[in-house]
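Have a look at run_26.pdb; it's PDB, C-alpha atoms:
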ATOM      1  CA  MET W 271      15.675  -2.053 -22.183
ATOM      2  CA  ILE W 272      16.789   1.161 -20.523
ATOM      3  CA  ILE W 273      14.218   2.366 -17.983
ATOM      4  CA  ASP W 274      14.381   5.533 -15.934
ATOM      5  CA  SER W 275      11.861   7.912 -14.445
ATOM      6  CA  VAL W 276      11.445  11.359 -12.974
ATOM      7  CA  GLU W 277       8.677  12.683 -10.741
ATOM      8  CA  VAL W 278       7.298  15.891 -12.237
ATOM      9  CA  GLY W 279       4.738  18.577 -11.608
ATOM     10  CA  ALA W 280       2.683  19.719  -8.655
ATOM     11  CA  LEU W 281       0.815  16.387  -8.576
ATOM     12  CA  GLN W 282       4.045  14.364  -8.672
ATOM     13  CA  VAL W 283       3.478  12.315 -11.805
ATOM     14  CA  ASN W 284       5.890   9.518 -12.657
ATOM     15  CA  CYS W 285       7.228  10.227 -16.148
ATOM     16  CA  TYR W 286       8.990   7.176 -17.593
ATOM     17  CA  VAL W 287      11.643   7.087 -20.305
ATOM     18  CA  LEU W 288      12.163   3.731 -22.003
ATOM     19  CA  GLY W 289      15.059   3.225 -24.381
ATOM     20  CA  CYS W 290      16.462   0.577 -26.700
ATOM     21  CA  GLU W 291      20.055  -0.152 -25.753
ATOM     22  CA  GLU W 292      21.020  -1.097 -29.314
ATOM     23  CA  THR W 293      19.471   1.745 -31.329
ATOM     24  CA  ARG W 294      19.056   4.407 -28.585
ATOM     25  CA  GLU W 295      15.501   5.025 -29.768
ATOM     26  CA  ALA W 296      13.162   5.821 -26.890
ATOM     27  CA  VAL W 297       9.609   6.553 -25.852
ATOM     28  CA  ILE W 298       8.430   8.942 -23.150
ATOM     29  CA  ILE W 299       5.421   7.923 -21.070
ATOM     30  CA  ASP W 300       3.289  10.625 -19.420
ATOM     31  CA  PRO W 301       5.425  13.792 -19.518
ATOM     32  CA  GLY W 302       3.347  15.617 -16.928
ATOM     33  CA  ASP W 303       5.414  18.799 -16.532
ATOM     34  CA  GLU W 304       8.964  20.123 -16.208
ATOM     35  CA  ALA W 305      10.147  19.369 -19.739
ATOM     36  CA  PRO W 306      13.776  20.394 -19.019
ATOM     37  CA  ARG W 307      14.074  17.686 -16.350
ATOM     38  CA  ILE W 308      12.675  15.088 -18.748
ATOM     39  CA  LEU W 309      15.117  16.181 -21.459
ATOM     40  CA  ASP W 310      17.970  15.927 -18.964
ATOM     41  CA  LEU W 311      16.967  12.324 -18.318
ATOM     42  CA  VAL W 312      16.921  11.596 -22.050
ATOM     43  CA  ARG W 313      20.372  13.143 -22.548
ATOM     44  CA  ARG W 314      21.823  11.333 -19.551
ATOM     45  CA  HIS W 315      21.164   8.034 -21.302
ATOM     46  CA  ASP W 316      22.055   9.348 -24.785
ATOM     47  CA  LEU W 317      18.584   8.478 -26.107
ATOM     48  CA  ARG W 318      16.604   9.660 -29.124
ATOM     49  CA  PRO W 319      12.872   9.828 -28.323
ATOM     50  CA  VAL W 320      10.638   8.895 -31.235
ATOM     51  CA  LYS W 321       7.246   8.929 -29.498
ATOM     52  CA  ILE W 322       5.396  10.308 -26.505
ATOM     53  CA  ILE W 323       2.906   7.611 -25.524
ATOM     54  CA  ASN W 324       0.418   8.691 -22.900
ATOM     55  CA  THR W 325      -1.539   6.364 -20.665
ATOM     56  CA  HIS W 326      -4.285   9.015 -20.576
ATOM     57  CA  ALA W 327      -4.798  12.761 -20.999
ATOM     58  CA  HIS W 328      -5.534  14.202 -17.569
ATOM     59  CA  PHE W 329      -3.734  17.514 -17.339
ATOM     60  CA  ASP W 330      -1.135  16.362 -14.811
ATOM     61  CA  HIS W 331       0.122  13.819 -17.360
ATOM     62  CA  ILE W 332       0.388  16.077 -20.437
ATOM     63  CA  LEU W 333       1.679  19.516 -19.407
ATOM     64  CA  ALA W 334       5.175  18.946 -20.842
ATOM     65  CA  VAL W 335       4.004  17.483 -24.153
ATOM     66  CA  ARG W 336       3.949  20.741 -26.137
ATOM     67  CA  ALA W 337       7.402  21.748 -24.897
ATOM     68  CA  LEU W 338       8.839  18.360 -25.845
ATOM     69  CA  GLN W 339       7.177  18.493 -29.268
ATOM     70  CA  ALA W 340       8.785  21.878 -29.850
ATOM     71  CA  ALA W 341      12.203  20.919 -28.478
ATOM     72  CA  ILE W 342      12.777  17.544 -30.134
ATOM     73  CA  GLY W 343       9.985  17.133 -32.695
ATOM     74  CA  VAL W 344       8.636  13.997 -31.068
ATOM     75  CA  SER W 345       5.190  12.587 -31.973
ATOM     76  CA  PHE W 346       2.408  12.668 -29.378
ATOM     77  CA  CYS W 347       0.338   9.461 -29.281
ATOM     78  CA  LEU W 348      -2.950   8.960 -27.435
ATOM     79  CA  HIS W 349      -6.007   6.698 -27.449
ATOM     80  CA  PRO W 350      -8.874   8.355 -29.388
ATOM     81  CA  ALA W 351     -11.310   7.939 -26.478
ATOM     82  CA  GLU W 352      -9.166  10.468 -24.604
ATOM     83  CA  GLN W 353      -9.979  13.320 -27.004
ATOM     84  CA  PRO W 354     -12.659  14.918 -24.753
ATOM     85  CA  VAL W 355     -10.333  14.584 -21.752
ATOM     86  CA  LEU W 356      -7.576  16.314 -23.697
ATOM     87  CA  GLU W 357      -9.919  19.079 -24.817
ATOM     88  CA  TYR W 358     -10.970  19.720 -21.218
ATOM     89  CA  ALA W 359      -7.401  19.806 -19.872
ATOM     90  CA  ARG W 360      -6.989  23.569 -20.258
ATOM     91  CA  ASN W 361     -10.082  24.260 -18.178
ATOM     92  CA  ALA W 362      -8.985  21.660 -15.641
ATOM     93  CA  VAL W 363      -5.659  23.436 -15.115
ATOM     94  CA  ARG W 364      -7.447  26.760 -14.687
ATOM     95  CA  ALA W 365      -9.767  25.248 -12.090
ATOM     96  CA  TRP W 366      -7.224  23.141 -10.202
ATOM     97  CA  MET W 367      -3.987  25.088 -10.557
ATOM     98  CA  GLY W 368      -5.178  28.653 -11.111
ATOM     99  CA  TYR W 369      -3.332  29.474 -14.322
ATOM    100  CA  ASP W 370      -3.853  29.147 -18.063
ATOM    101  CA  PRO W 371      -1.517  26.591 -19.688
ATOM    102  CA  GLY W 372      -2.577  27.499 -23.220
ATOM    103  CA  GLU W 373      -3.974  25.196 -25.850
ATOM    104  CA  PRO W 374      -3.587  21.443 -25.261
ATOM    105  CA  PRO W 375      -1.026  19.564 -27.348
ATOM    106  CA  VAL W 376      -1.906  18.334 -30.814
ATOM    107  CA  VAL W 377      -2.152  14.560 -31.168
ATOM    108  CA  ASP W 378       0.022  13.230 -33.985
ATOM    109  CA  VAL W 379      -0.995   9.566 -33.767
ATOM    110  CA  TRP W 380      -4.190   8.054 -32.378
ATOM    111  CA  LEU W 381      -3.290   4.757 -30.747
ATOM    112  CA  ASN W 382      -4.923   1.488 -31.765
ATOM    113  CA  VAL W 383      -4.613  -1.128 -29.023
ATOM    114  CA  SER W 384      -4.366  -3.909 -31.593
ATOM    115  CA  GLU W 385      -1.053  -2.477 -32.826
ATOM    116  CA  PRO W 386       2.025  -2.728 -30.544
ATOM    117  CA  VAL W 387       4.300   0.234 -29.894
ATOM    118  CA  HIS W 388       7.762  -0.249 -31.396
ATOM    119  CA  PHE W 389      10.939   1.684 -30.643
ATOM    120  CA  GLY W 390      14.271   0.354 -31.759
ATOM    121  CA  ARG W 391      14.185  -3.384 -31.115
ATOM    122  CA  GLN W 392      11.711  -3.053 -28.259
ATOM    123  CA  THR W 393       7.970  -3.730 -28.287
ATOM    124  CA  LEU W 394       5.170  -2.766 -25.910
ATOM    125  CA  GLU W 395       1.731  -4.343 -26.012
ATOM    126  CA  MET W 396      -1.136  -1.929 -25.433
ATOM    127  CA  ARG W 397      -4.051  -2.968 -23.242
ATOM    128  CA  TRP W 398      -7.155  -0.787 -22.994
ATOM    129  CA  THR W 399      -7.858  -0.203 -19.288
ATOM    130  CA  PRO W 400     -10.684   2.366 -19.071
ATOM    131  CA  GLY W 401     -12.381   3.416 -15.869
ATOM    132  CA  HIS W 402     -10.120   6.149 -14.544
ATOM    133  CA  SER W 403     -10.622   7.813 -17.904
ATOM    134  CA  PRO W 404     -12.289   6.553 -21.106
ATOM    135  CA  GLY W 405      -9.151   5.836 -23.111
ATOM    136  CA  SER W 406      -6.669   4.787 -20.457
ATOM    137  CA  ILE W 407      -3.942   2.489 -21.781
ATOM    138  CA  THR W 408      -1.591   0.087 -20.023
ATOM    139  CA  PHE W 409       1.719  -0.484 -21.821
ATOM    140  CA  VAL W 410       3.153  -3.967 -21.261
ATOM    141  CA  ASP W 411       6.776  -5.000 -21.739
ATOM    142  CA  HIS W 412       6.345  -8.760 -21.823
ATOM    143  CA  ALA W 413      10.053  -9.469 -22.256
ATOM    144  CA  GLY W 414      10.903  -7.601 -19.071
ATOM    145  CA  ARG W 415       7.648  -8.416 -17.236
ATOM    146  CA  ARG W 416       6.733  -4.796 -16.669
ATOM    147  CA  ALA W 417       3.470  -2.874 -17.004
ATOM    148  CA  PHE W 418       3.116   0.891 -17.136
ATOM    149  CA  VAL W 419      -0.438   1.372 -15.918
ATOM    150  CA  GLY W 420      -0.935   5.132 -15.606
ATOM    151  CA  ASP W 421      -3.561   5.894 -12.971
ATOM    152  CA  ALA W 422      -5.489   2.634 -13.290
ATOM    153  CA  LEU W 423      -3.748   0.838 -10.416
ATOM    154  CA  PHE W 424      -1.551   2.006  -7.552
ATOM    155  CA  ARG W 425       0.248   0.246  -4.734
ATOM    156  CA  GLY W 426      -2.629  -0.521  -2.387
ATOM    157  CA  SER W 427      -5.197   1.507  -4.300
ATOM    158  CA  ILE W 428      -6.788   2.278  -7.660
ATOM    159  CA  GLY W 429      -7.314   5.408  -9.728
ATOM    160  CA  ARG W 430     -10.088   7.811  -8.830
ATOM    161  CA  THR W 431     -13.308   7.453 -10.805
ATOM    162  CA  ASP W 432     -15.177  10.626  -9.806
ATOM    163  CA  LEU W 433     -13.784  12.717 -12.662
ATOM    164  CA  PRO W 434     -15.664  13.118 -15.986
ATOM    165  CA  GLY W 435     -15.511   9.838 -17.886
ATOM    166  CA  GLY W 436     -14.641   7.806 -14.808
ATOM    167  CA  ASN W 437     -16.450   4.579 -13.970
ATOM    168  CA  LEU W 438     -15.623   2.458 -10.906
ATOM    169  CA  ARG W 439     -17.153  -0.773 -12.148
ATOM    170  CA  GLN W 440     -15.381  -0.396 -15.484
ATOM    171  CA  LEU W 441     -12.042   0.302 -13.806
ATOM    172  CA  LEU W 442     -12.256  -2.735 -11.545
ATOM    173  CA  GLY W 443     -13.117  -4.855 -14.573
ATOM    174  CA  SER W 444     -10.185  -3.423 -16.521
ATOM    175  CA  ILE W 445      -7.754  -4.228 -13.739
ATOM    176  CA  ARG W 446      -9.052  -7.777 -13.380
ATOM    177  CA  SER W 447      -9.066  -8.572 -17.100
ATOM    178  CA  GLN W 448      -6.066  -6.627 -18.396
ATOM    179  CA  ILE W 449      -3.605  -6.227 -15.500
ATOM    180  CA  PHE W 450      -4.296  -9.095 -13.092
ATOM    181  CA  THR W 451      -4.061 -11.552 -15.985
ATOM    182  CA  LEU W 452      -0.352 -10.751 -16.329
ATOM    183  CA  PRO W 453       2.143 -12.986 -14.481
ATOM    184  CA  ASP W 454       2.243 -12.341 -10.738
ATOM    185  CA  ASP W 455       5.879 -11.231 -10.870
ATOM    186  CA  THR W 456       5.111  -8.490 -13.400
ATOM    187  CA  ALA W 457       6.327  -5.146 -12.060
ATOM    188  CA  VAL W 458       3.612  -2.486 -12.050
ATOM    189  CA  PHE W 459       4.784   1.077 -12.648
ATOM    190  CA  PRO W 460       1.968   3.538 -11.811
ATOM    191  CA  GLY W 461       1.402   7.171 -12.680
ATOM    192  CA  HIS W 462       1.932   8.229  -9.069
ATOM    193  CA  GLY W 463       3.726   6.668  -6.137
ATOM    194  CA  PRO W 464       5.894   3.560  -5.778
ATOM    195  CA  ALA W 465       6.037   0.523  -8.012
ATOM    196  CA  THR W 466       4.403  -2.748  -7.030
ATOM    197  CA  THR W 467       3.716  -6.145  -8.599
ATOM    198  CA  VAL W 468       0.658  -7.845 -10.010
ATOM    199  CA  GLY W 469       0.843 -10.624  -7.437
ATOM    200  CA  PHE W 470       1.149  -8.236  -4.496
ATOM    201  CA  GLU W 471      -1.892  -6.238  -5.578
ATOM    202  CA  LYS W 472      -3.979  -9.351  -6.206
ATOM    203  CA  LEU W 473      -3.269 -10.467  -2.637
ATOM    204  CA  THR W 474      -3.350  -7.187  -0.720
ATOM    205  CA  ASN W 475      -5.154  -4.447  -2.624
ATOM    206  CA  PRO W 476      -8.247  -3.589  -0.520
ATOM    207  CA  PHE W 477     -10.402  -3.033  -3.602
ATOM    208  CA  PHE W 478     -10.043  -6.747  -4.401
ATOM    209  CA  GLU W 479      -9.804  -8.200  -0.884
ATOM    210  CA  ASP W 480     -13.037 -10.188  -1.129
ATOM    211  CA  GLU W 481     -11.940 -12.032  -4.263
ATOM    212  CA  THR W 482     -10.389 -15.475  -4.420
ATOM    213  CA  ASP W 483      -8.699 -17.328  -7.260
TER     214      ASP W 483
END

Take the structure in the file and give it back as structure tokens.
Amino acid sequence: MIIDSVEVGALQVNCYVLGCEETREAVIIDPGDEAPRILDLVRRHDLRPVKIINTHAHFDHILAVRALQAAIGVSFCLHPAEQPVLEYARNAVRAWMGYDPGEPPVVDVWLNVSEPVHFGRQTLEMRWTPGHSPGSITFVDHAGRRAFVGDALFRGSIGRTDLPGGNLRQLLGSIRSQIFTLPDDTAVFPGHGPATTVGFEKLTNPFFEDETD
């Protein structure tokens, strides 16, 4: 699998591009802003995106979706529990960033966690990891031992839960049951900041420091 990323937007979101080496089909995870830079990354690897798959719909993760839909006709996919988050995104940008981004993107496909994401010859399992937001999804590449966790888990921290739809207890439960059950050497690629591993976070993350195996 081809994997590359670019940090975009004022809140420095990690946008990931995953591609199939054989077919050149690709998915884009969390295109938060700066669509031209994301398209440059796609072209650099000679990829053909077939889906935008978002971990969640907070505004800093979706601001480039409409531009990418218009530029390359790619489908936008999201968990249905994120609909109210998506609908609020315009107001959130006004409040946080001081400008009007226009209408939020239109969802083409509502994700069902029981159905894997396919692109080319690659497959990602979806795991529902709510708590940071109601419909947060973790995308797992079992073959490569990688997990794209959005804002659920960070190196040494977890996602904030004080935004509408957030729930600390739910988030901690999601991490324990859906992320920490992956092999310890699974690479964790978060929505912000550096990558980590499942094993490292189980041992060192302060939100889980009182837990033992």

task: Evaluate the PyMOL selection byres ((chain W and resi 339) around 12) on the structure here and hand back the selected residues as a PyMOL selection string.
output: chain W and resi 298+301+305+309+319-322+332-338+340-347+374-378

message: Taking 4 positions as the minimum chain separation for residues in the same chain, which residues sit within 9 Å of W:Ile428 when counting only C-alpha atoms? Answer as number ranges by chain.
response: W: 402, 421-424, 441-442, 445, 475, 477

message: I'd like to see the residues matched by the PyMOL selection byres ((chain W and resi 470) around 12) on this file, and ideally I'd get them as a list of chain:residue names.
response: W:Leu423, W:Phe424, W:Arg425, W:Gly426, W:Ser427, W:Phe450, W:Pro453, W:Asp454, W:Asp455, W:Thr456, W:Ala457, W:Val458, W:Ala465, W:Thr466, W:Thr467, W:Val468, W:Gly469, W:Glu471, W:Lys472, W:Leu473, W:Thr474, W:Asn475, W:Pro476, W:Phe478, W:Glu479

message: Quick check, in Å to one decimal: how far apart do atom CA of W:Ile407 and atom CA of W:His326 lie?
response: 6.6 Å

- prompt: Any chance you could work out the residue set of the PyMOL selection byres ((chain W and resi 325) around 9) here, as a ChimeraX atom specification?
  reply: /W:299-300,323-324,326-327,331,348-349,405-409,418-421,461

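Interatomic distance, atom CA of W:Pro404 to atom CA of W:Val383: 13.4 Å.
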
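Taking only C-alpha atoms into account, W:Ala296 lies nearest to W:Met271 out of the set W:Ala351, W:Val379, W:Ala417, W:Met271.
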
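With atom CA of W:Asn284 on one side and atom CA of W:Leu317 on the other, the separation reads 18.5 Å.
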
- prompt: When distances are computed from all atoms listed in the file, which of W:Tyr358, W:His328, W:Gly414, W:Pro350 shows the smallest separation from W:Ile272?
  reply: W:Gly414

- request: Show which residues sit within 12 Å of W:His315, as a ChimeraX atom specification. Count only C-alpha atoms, and ignore same-chain residues fewer than 5 positions away.
  value: /W:271-275,287-291,293-296,308-310

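Of the listed residues (W:Ile449, W:Met396, W:Phe329, W:Glu304), W:Phe329 comes nearest to W:Asp370; the distances count all atoms listed in the file.
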